[in-house]
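Asker: mmCIF, C-alpha atoms, file structure-v8.cif:
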```
data_data
loop_
_atom_site.label_atom_id
_atom_site.label_comp_id
_atom_site.auth_asym_id
_atom_site.auth_seq_id
_atom_site.Cartn_x
_atom_site.Cartn_y
_atom_site.Cartn_z
CA ALA A 238 -1.91 0.13 5.20
CA LEU A 239 -5.10 -0.71 3.35
CA PHE A 240 -7.61 -2.68 5.39
CA CYS A 241 -10.78 -4.54 4.49
CA ALA A 242 -10.85 -4.74 0.72
CA ASP A 243 -11.48 -8.43 0.11
CA GLU A 244 -14.83 -7.90 -1.65
CA VAL A 245 -16.73 -7.93 1.67
CA PHE A 246 -17.28 -4.87 3.86
CA CYS A 247 -15.94 -5.62 7.32
CA GLY A 248 -14.87 -2.38 9.00
CA ARG A 249 -11.38 -1.93 10.47
CA ALA A 250 -10.52 -5.55 11.28
CA PRO A 251 -6.74 -5.96 10.73
CA HIS A 252 -7.01 -9.70 10.05
CA ARG A 253 -8.93 -9.12 6.82
CA GLY A 254 -7.07 -8.89 3.55
CA THR A 255 -6.68 -6.53 0.64
CA GLU A 256 -6.84 -7.50 -3.02
CA THR A 257 -3.71 -6.66 -5.01
CA CYS A 258 -5.88 -4.87 -7.57
CA ALA A 259 -7.23 -2.61 -4.86
CA VAL A 260 -3.72 -1.59 -3.83
CA VAL A 261 -2.55 -0.40 -7.25
CA GLU A 262 -5.90 1.16 -8.09
CA ALA A 263 -5.94 3.10 -4.83
CA MET A 264 -2.39 4.26 -5.53
CA ALA A 265 -3.38 5.50 -8.99
CA SER A 266 -6.38 7.34 -7.55
CA LEU A 267 -4.27 9.04 -4.86
CA GLU A 268 -1.64 10.05 -7.43
CA GLN A 269 -4.26 11.64 -9.62
CA ALA A 270 -5.97 13.31 -6.68
CA PHE A 271 -2.72 14.91 -5.49
CA SER A 272 -1.95 16.21 -8.98
CA VAL A 273 -5.31 18.00 -8.95
CA LEU A 274 -5.77 18.99 -5.31
CA GLY A 275 -2.20 19.34 -4.05
CA ASP A 276 -3.11 17.98 -0.61
CA PRO A 277 0.11 16.46 0.85
CA SER A 278 -1.85 14.05 3.07
CA LEU A 279 -2.89 12.21 -0.09
CA VAL A 280 0.76 11.28 -0.73
CA ASP A 281 1.11 10.16 2.91
CA ARG A 282 -1.60 7.62 2.16
CA LEU A 283 -0.05 6.79 -1.22
CA GLU A 284 3.35 6.02 0.29
CA ALA A 285 1.79 3.81 2.95
CA LEU A 286 0.48 1.63 0.13
CA ALA A 287 3.56 1.83 -2.10
CA PHE A 288 6.04 0.99 0.65
CA ASN A 289 3.96 -1.57 2.57
CA ALA A 290 0.90 -3.05 0.89
CA LEU A 291 2.28 -3.42 -2.63
CA PRO A 292 5.58 -5.11 -1.65
CA ALA A 293 3.60 -7.54 0.52
CA ALA A 294 1.49 -8.56 -2.48
CA LEU A 295 4.42 -9.49 -4.75
CA THR A 296 7.49 -11.67 -4.68
CA ASP A 297 10.69 -9.67 -5.09
CA ASP A 298 11.07 -10.70 -8.75
CA MET A 299 7.40 -9.83 -9.40
CA TRP A 300 6.81 -13.16 -11.12
CA THR A 301 4.12 -14.19 -8.64
CA HIS A 302 1.61 -12.41 -6.44
CA VAL A 303 -1.14 -13.09 -3.95
CA TYR A 304 -4.77 -12.35 -4.61
CA VAL A 305 -5.33 -11.03 -1.06
CA GLN A 306 -2.61 -9.99 1.38
CA GLN A 307 -3.17 -9.32 5.06
CA ALA A 308 -1.44 -7.26 7.69
CA ASN A 309 -1.46 -10.25 10.05
CA SER A 310 -1.24 -13.18 7.67
CA VAL A 311 0.27 -16.29 9.27
CA PHE A 312 0.32 -18.42 6.13
CA ALA A 313 1.38 -18.01 2.52
CA GLY A 314 1.98 -20.65 -0.12
CA ASP A 315 3.87 -20.79 -3.39
CA THR A 316 1.20 -22.39 -5.57
CA HIS A 317 -2.52 -23.04 -5.53
CA PRO A 318 -3.63 -25.76 -3.12
CA PRO A 319 -5.28 -28.76 -4.81
CA LEU A 320 -8.87 -27.57 -4.47
CA SER A 321 -11.49 -28.04 -7.12
CA GLU A 322 -14.07 -25.46 -8.10
CA GLU A 323 -16.64 -27.36 -6.08
CA GLN A 324 -14.43 -27.19 -3.01
CA ASP A 325 -13.67 -23.50 -3.51
CA PRO A 326 -16.36 -21.32 -5.12
CA SER A 327 -13.95 -18.37 -5.36
CA ARG A 328 -12.32 -20.10 -8.30
CA ARG A 329 -15.36 -19.67 -10.47
CA ARG A 330 -17.15 -16.56 -9.20
CA HIS A 331 -17.07 -13.75 -6.63
CA SER A 332 -19.84 -15.21 -4.47
CA LEU A 333 -19.81 -15.31 -0.69
CA HIS A 334 -19.41 -18.60 1.03
CA TYR A 335 -19.21 -19.59 4.65
CA ARG A 336 -16.79 -22.49 4.62
CA HIS A 337 -14.39 -21.72 7.45
CA VAL A 338 -16.70 -21.86 10.44
CA GLU A 339 -16.69 -24.05 13.52
CA GLY A 340 -18.11 -27.48 12.95
CA GLY A 341 -17.26 -27.42 9.25
CA CYS A 342 -20.50 -25.78 8.16
CA THR A 343 -20.68 -25.66 4.37
CA ALA A 344 -24.38 -25.04 3.88
CA GLY A 345 -25.70 -21.92 2.27
CA SER A 346 -25.51 -20.14 -1.04
CA ALA A 347 -24.52 -16.84 -2.55
CA ASP A 348 -27.76 -15.44 -1.12
CA GLY A 349 -26.80 -16.22 2.46
CA PRO A 350 -25.61 -18.87 4.94
CA ALA A 351 -27.58 -21.53 6.73
CA GLU A 352 -28.74 -20.85 10.27
CA GLY A 353 -25.73 -22.46 11.96
CA CYS A 354 -23.33 -20.42 9.85
CA ARG A 355 -25.29 -17.25 10.40
CA ALA A 356 -24.93 -17.61 14.18
CA HIS A 357 -21.18 -18.07 13.90
CA ARG A 358 -20.86 -15.12 11.55
CA HIS A 359 -22.68 -12.91 14.05
CA SER A 360 -20.38 -13.98 16.90
CA LEU A 361 -17.30 -12.85 14.95
CA HIS A 362 -18.85 -9.80 13.27
CA ASP A 363 -17.26 -11.34 10.22
CA VAL A 364 -18.50 -12.54 6.84
CA PRO A 365 -15.72 -14.51 5.12
CA SER A 366 -15.59 -14.75 1.37
CA GLY A 367 -14.40 -17.56 -0.85
CA GLU A 368 -11.09 -15.83 -1.34
CA ASP A 369 -9.77 -17.08 1.98
CA GLN A 370 -9.30 -20.55 0.49
CA THR A 371 -6.63 -19.76 -2.10
CA ALA A 372 -5.94 -16.04 -1.87
CA ASN A 373 -2.76 -16.28 0.23
CA PHE A 374 -0.93 -18.43 -2.29
CA TYR A 375 1.76 -16.73 -4.38
CA GLY A 376 0.98 -17.78 -7.91
CA VAL A 377 0.96 -16.51 -11.47
CA SER A 378 -2.72 -15.69 -11.39
CA HIS A 379 -5.81 -16.15 -9.29
CA PHE A 380 -8.27 -13.96 -11.09
CA PRO A 381 -7.15 -12.30 -14.35
CA CYS A 382 -7.62 -8.83 -12.89
CA CYS A 383 -4.56 -8.84 -10.62
CA ILE A 384 -2.00 -10.21 -13.04
CA THR A 385 -2.96 -7.59 -15.64
CA ASN A 386 -3.39 -4.82 -13.07
CA PHE A 387 -0.47 -4.92 -10.63
CA PRO A 388 2.22 -3.85 -13.18
CA GLN A 389 0.84 -0.30 -13.12
CA GLY A 390 1.81 0.13 -9.46
CA TRP A 391 5.52 0.97 -9.55
CA PRO A 392 5.69 2.84 -12.91
CA LYS A 393 2.83 5.20 -12.10
CA PHE A 394 4.18 5.78 -8.60
CA VAL A 395 7.59 6.83 -9.93
CA ALA A 396 6.02 8.87 -12.75
CA SER A 397 3.99 10.78 -10.15
CA ALA A 398 6.96 11.52 -7.88
CA VAL A 399 7.73 14.77 -9.74
CA LEU A 400 4.93 16.93 -11.17
CA THR A 401 5.00 20.21 -13.08
CA HIS A 402 2.67 23.18 -13.30
CA GLY A 403 3.48 26.36 -15.19
CA ASN A 404 7.06 27.35 -14.47
CA ALA A 405 7.28 25.23 -11.31
CA PHE A 406 7.69 21.63 -10.25
CA ALA A 407 6.63 19.66 -7.21
CA VAL A 408 8.42 16.75 -5.58
CA ALA A 409 5.64 14.58 -4.23
CA SER A 410 7.81 11.69 -3.04
CA PHE A 411 11.54 11.71 -2.37
CA LEU A 412 12.50 8.74 -4.53
CA PRO A 413 16.02 8.31 -5.92
CA LEU A 414 15.69 9.61 -9.46
CA ASN A 415 17.10 11.75 -12.24
CA ALA A 416 14.60 13.88 -14.19
CA THR A 417 14.75 16.40 -17.01
CA LEU A 418 11.88 18.85 -16.73
CA PRO A 419 9.99 20.34 -19.71
CA ASP A 420 11.35 23.50 -21.33
CA ALA A 421 8.51 25.47 -19.76
CA VAL A 422 9.92 24.67 -16.31
CA GLY A 423 13.09 26.64 -15.77
CA GLY A 424 14.12 26.33 -19.40
CA GLY A 425 14.41 22.54 -19.09
CA ALA A 426 15.88 22.32 -15.60
CA THR A 427 17.22 18.98 -14.40
CA LEU A 428 16.63 17.34 -11.04
CA LEU A 429 18.70 14.69 -9.25
CA ILE A 430 17.47 13.15 -5.99
CA GLU A 431 19.92 11.12 -3.91
CA THR A 432 18.36 9.33 -0.96
CA SER A 433 17.69 6.06 0.84
CA TYR A 434 14.13 7.12 1.58
CA PRO A 435 11.91 5.62 2.97
CA PHE A 436 14.52 3.78 5.05
CA ALA A 437 16.30 7.04 5.84
CA GLY A 438 14.83 10.47 6.45
CA GLU A 439 17.28 12.54 4.40
CA ALA A 440 17.34 13.47 0.73
CA VAL A 441 19.70 15.66 -1.31
CA LEU A 442 18.16 17.38 -4.33
CA THR A 443 20.42 18.89 -6.98
CA VAL A 444 18.67 21.24 -9.39
CA SER A 445 20.38 22.72 -12.45
CA VAL A 446 18.62 25.69 -14.07
CA PRO A 447 19.95 27.00 -17.42
CA GLN A 448 21.30 30.55 -17.61
CA GLY A 449 18.59 33.22 -17.86
CA HIS A 450 15.88 31.03 -16.36
CA SER A 451 14.32 30.47 -12.96
CA THR A 452 11.78 28.15 -11.39
CA THR A 453 10.20 27.23 -8.06
CA ALA A 454 10.47 23.86 -6.32
CA TYR A 455 7.54 22.76 -4.18
CA LEU A 456 8.56 20.03 -1.74
CA ARG A 457 5.90 17.90 -0.07
CA ILE A 458 6.63 17.54 3.64
CA PRO A 459 4.90 14.45 5.11
CA GLY A 460 2.42 14.88 7.91
CA TRP A 461 4.42 12.61 10.22
CA ALA A 462 7.69 14.57 9.71
CA ALA A 463 7.50 16.99 12.64
CA GLY A 464 10.70 19.04 12.80
CA ALA A 465 11.42 18.73 9.06
CA SER A 466 13.85 21.16 7.46
CA VAL A 467 15.13 22.25 4.04
CA ASN A 468 18.72 23.52 4.06
CA GLY A 469 18.42 23.94 7.81
CA GLN A 470 15.28 26.06 7.55
CA ARG A 471 12.19 24.73 9.31
CA ALA A 472 9.56 23.25 7.00
CA ALA A 473 6.15 22.63 8.53
CA ASN A 474 4.98 19.05 8.36
CA GLY A 475 1.88 18.32 6.30
CA THR A 476 2.58 21.20 3.92
CA VAL A 477 4.13 21.91 0.53
CA HIS A 478 7.32 23.91 1.07
CA ALA A 479 8.23 26.41 -1.70
CA VAL A 480 11.85 27.13 -2.67
CA PRO A 481 12.52 29.76 -5.39
CA LEU A 482 15.46 28.83 -7.63
CA GLY A 483 17.47 31.09 -9.95
CA SER A 484 19.80 30.02 -12.76
CA GLY A 485 22.74 27.80 -11.94
CA LEU A 486 23.21 24.83 -9.64
CA ALA A 487 21.28 24.58 -6.37
CA THR A 488 21.44 21.94 -3.65
CA LEU A 489 18.45 21.32 -1.37
CA ARG A 490 19.08 19.18 1.71
CA VAL A 491 15.80 17.83 3.02
CA ARG A 492 15.61 16.32 6.48
CA LEU A 493 12.49 14.36 7.46
CA PRO A 494 12.62 13.06 11.06
CA GLN A 495 11.04 9.60 11.34
CA PRO A 496 9.82 9.10 14.90
CA ILE A 497 8.31 5.77 15.87
CA ARG A 498 4.55 6.13 16.31
CA VAL A 499 1.95 3.80 17.78
CA GLU A 500 -1.62 4.11 16.51
CA ARG A 501 -4.38 2.39 18.46
CA GLY A 502 -8.04 1.82 17.73
CA TRP A 503 -7.87 -0.79 14.99
CA GLY A 504 -10.38 -3.56 15.51
CA VAL A 505 -13.61 -5.01 14.22
CA LEU A 506 -15.71 -2.04 13.10
CA GLY A 507 -13.47 0.09 15.31
CA ASN A 508 -15.18 -1.40 18.37
CA VAL A 509 -12.62 -2.13 21.10
CA SER A 510 -15.07 -4.50 22.81
CA SER A 511 -14.99 -6.88 19.84
CA PRO A 512 -12.04 -9.09 18.93
CA PRO A 513 -9.44 -8.27 17.82
CA ALA A 514 -9.82 -5.51 20.39
CA ASP A 515 -7.76 -2.32 20.40
CA ALA A 516 -5.24 -3.51 17.83
CA ALA A 517 -2.20 -1.30 17.37
CA VAL A 518 -0.11 -0.23 14.38
CA VAL A 519 3.57 0.70 14.82
CA ARG A 520 4.97 3.11 12.22
CA ARG A 521 8.28 4.76 11.43
CA GLY A 522 8.00 7.40 8.76
CA PRO A 523 5.95 5.87 5.94
CA LEU A 524 6.85 2.30 6.95
CA LEU A 525 4.85 -0.16 9.03
CA PHE A 526 6.52 -2.48 11.52
CA SER A 527 5.67 -6.17 11.44
CA LEU A 528 6.45 -9.13 13.64
CA ARG A 529 8.95 -11.64 12.32
CA PRO A 530 7.59 -15.04 13.35
CA ALA A 531 9.70 -18.19 13.14
CA GLU A 532 9.15 -19.33 9.57
CA GLN A 533 8.47 -22.96 8.66
CA ARG A 534 8.87 -23.88 5.00
CA ARG A 535 7.13 -27.01 3.82
CA GLY A 536 7.11 -28.47 0.35
CA GLY A 537 3.94 -29.54 -1.42
CA ARG A 538 2.71 -31.05 -4.61
CA ASP A 539 3.67 -29.46 -7.94
#
```
Would it be possible to restate this file's structure as structure tokens?
Answerer:
Amino acid sequence: ALFCADEVFCGRAPHRGTETCAVVEAMASLEQAFSVLGDPSLVDRLEALAFNALPAALTDDMWTHVYVQQANSVFAGDTHPPLSEEQDPSRRRHSLHYRHVEGGCTAGSADGPAEGCRAHRHSLHDVPSGEDQTANFYGVSHFPCCITNFPQGWPKFVASAVLTHGNAFAVASFLPLNATLPDAVGGGATLLIETSYPFAGEAVLTVSVPQGHSTTAYLRIPGWAAGASVNGQRAANGTVHAVPLGSGLATLRVRLPQPIRVERGWGVLGNVSSPPADAAVVRRGPLLFSLRPAEQRRGGRD
């Protein structure tokens, strides 16, 4: 959902990772951008991160995280491997190194690799960074940035799910929630959203507007939700659908079809002639599919 953000520019290669910091910071930027611009495609991108990239970066209890997570990672550990700073430069600075190349080449510096490494780098169109040595381990901290940064992800995402402007409110993301709107919005209208989204494509919104007041609900319809409807009325995908509401209780039944989609063209620099060539992404609604390989758990040193 967020490719190539491991401190080194590498194009659209799906085997490269994304720093946990980059995930939550991109989410915050997209939330702010939608609140200003109102472009529903911004929330499509936001949800791809919130429902895919961020969960992949954290354990379910959020006690540990990875520094870099990858769409096609085949290894993840529970603690740091026993590498010293000399063995792994990423532990002491964000400098490039060229350690994982054929023949065990370790020559070079932050200014560039030795000739043998440079040739291998060119053959892969790939410049690895020091983060590949320890970044896939789930630990308390790798660099201080992530452990102090990732907690903003979920709270800001939920806080940005419902926005207000004047005497109106917008539902940016159909999360299960209960909100009391400001007095300026429908005299303090309340909103209840019941849903299993993103795993299901239906949501029921119950809005209560005090007597003598009215408001307007703006519902963001995702770009992928072709054939969406609100109370049986067609709602164009990739738009913000307006529903005027008078005083009293109103129920809005939102249906968002979630067809399975295959997107091709991912690869090194988007070049299908370079490995990994013509990689594909399989999506359903805002969720990404992933392979479930046979897992092997092995213990290690404390």
Asker: Between atom CA of Ala440 of chain A and atom CA of Ala454 of chain A, what is the spacing in Å?
Answerer: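 Atom CA of Ala440 of chain A lies 14.3 Å from atom CA of Ala454 of chain A.
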Asker: In Å to one decimal, how far is atom CA of Ala263 of chain A from atom CA of His478 of chain A?
Answerer: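 Answer for the atom CA of His478 of chain A to atom CA of Ala263 of chain A separation: 25.4 Å.
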Asker: Mind telling me what the PyMOL selection byres ((chain A and resi 409) around 10) catches here, as a ChimeraX atom specification?
Answerer: /A:268,271-272,275,277,279-281,284,394-395,397-400,406-408,410-412,455-459,477
Asker: Write the residues of the selection above to a file with C-alpha atoms, as a PDB file, in the frame of the given file.
Answerer:
```pdb
ATOM      1  CA  GLU A 268      -1.640  10.050  -7.430  1.00  0.00           C
ATOM      2  CA  PHE A 271      -2.720  14.910  -5.490  1.00  0.00           C
ATOM      3  CA  SER A 272      -1.950  16.210  -8.980  1.00  0.00           C
ATOM      4  CA  GLY A 275      -2.200  19.340  -4.050  1.00  0.00           C
ATOM      5  CA  PRO A 277       0.110  16.460   0.850  1.00  0.00           C
ATOM      6  CA  LEU A 279      -2.890  12.210  -0.090  1.00  0.00           C
ATOM      7  CA  VAL A 280       0.760  11.280  -0.730  1.00  0.00           C
ATOM      8  CA  ASP A 281       1.110  10.160   2.910  1.00  0.00           C
ATOM      9  CA  GLU A 284       3.350   6.020   0.290  1.00  0.00           C
ATOM     10  CA  PHE A 394       4.180   5.780  -8.600  1.00  0.00           C
ATOM     11  CA  VAL A 395       7.590   6.830  -9.930  1.00  0.00           C
ATOM     12  CA  SER A 397       3.990  10.780 -10.150  1.00  0.00           C
ATOM     13  CA  ALA A 398       6.960  11.520  -7.880  1.00  0.00           C
ATOM     14  CA  VAL A 399       7.730  14.770  -9.740  1.00  0.00           C
ATOM     15  CA  LEU A 400       4.930  16.930 -11.170  1.00  0.00           C
ATOM     16  CA  PHE A 406       7.690  21.630 -10.250  1.00  0.00           C
ATOM     17  CA  ALA A 407       6.630  19.660  -7.210  1.00  0.00           C
ATOM     18  CA  VAL A 408       8.420  16.750  -5.580  1.00  0.00           C
ATOM     19  CA  SER A 410       7.810  11.690  -3.040  1.00  0.00           C
ATOM     20  CA  PHE A 411      11.540  11.710  -2.370  1.00  0.00           C
ATOM     21  CA  LEU A 412      12.500   8.740  -4.530  1.00  0.00           C
ATOM     22  CA  TYR A 455       7.540  22.760  -4.180  1.00  0.00           C
ATOM     23  CA  LEU A 456       8.560  20.030  -1.740  1.00  0.00           C
ATOM     24  CA  ARG A 457       5.900  17.900  -0.070  1.00  0.00           C
ATOM     25  CA  ILE A 458       6.630  17.540   3.640  1.00  0.00           C
ATOM     26  CA  PRO A 459       4.900  14.450   5.110  1.00  0.00           C
ATOM     27  CA  VAL A 477       4.130  21.910   0.530  1.00  0.00           C
TER      28      VAL A 477
END
```
Asker: Here is a test: counting all atoms listed in the file, which residue of A:Leu489, A:Val446, A:Val273, A:Ala437 is nearest to Pro419 of chain A?
Answerer: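 For Pro419 of chain A, the nearest of the given residues is A:Val446.
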Asker: Go through A:Arg471, A:Arg501, A:Arg490, A:His402 one by one, measure the shortest atom-to-atom distance of each to Thr453 of chain A using all atoms listed in the file, and give the residue with the smallest value.
Answerer: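 Closest to Thr453 of chain A, using all atoms listed in the file: A:His402.
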Asker: Counting all atoms listed in the file, which of A:Thr301, A:Thr427, A:Ser527, A:Asn415 gets nearest to Gly376 of chain A?
Answerer: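 Comparing A:Thr301, A:Thr427, A:Ser527, A:Asn415 against Gly376 of chain A, the winner is A:Thr301.
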Asker: Identify all residues satisfying the PyMOL selection byres ((chain A and resi 295) around 12) in the given file; provide them as a count of residues only.
Answerer: 38
Asker: Quick one: distance from atom CA of Thr476 of chain A to atom CA of Ala516 of chain A in Å, one decimal?
Answerer: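 For atom CA of Thr476 of chain A relative to atom CA of Ala516 of chain A, the distance reads 29.4 Å.
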Asker: Near Leu428 of chain A, within 9 Å and counting all atoms listed in the file, which residues show up once chain neighbours fewer than 3 positions away are dropped, as an MDAnalysis selection string?
Answerer: chainID A and resid 414:418 442:445
Asker: Using all atoms listed in the file, find the one residue out of A:Leu482, A:Leu524, A:Leu493, A:Ala426 that sits nearest to Gly464 of chain A.
Answerer: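 Going through A:Leu482, A:Leu524, A:Leu493, A:Ala426 one by one, the smallest distance to Gly464 of chain A is for A:Leu493.
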Asker: Quick check on the file I pasted: which residues fall under the PyMOL selection byres ((chain A and resi 423) around 7)? Write them as a list in words.
Answerer: Asn404, Asp420, Ala421, Val422, Gly424, Gly425, Ala426, Val446, His450, Ser451 and Thr452 of chain A
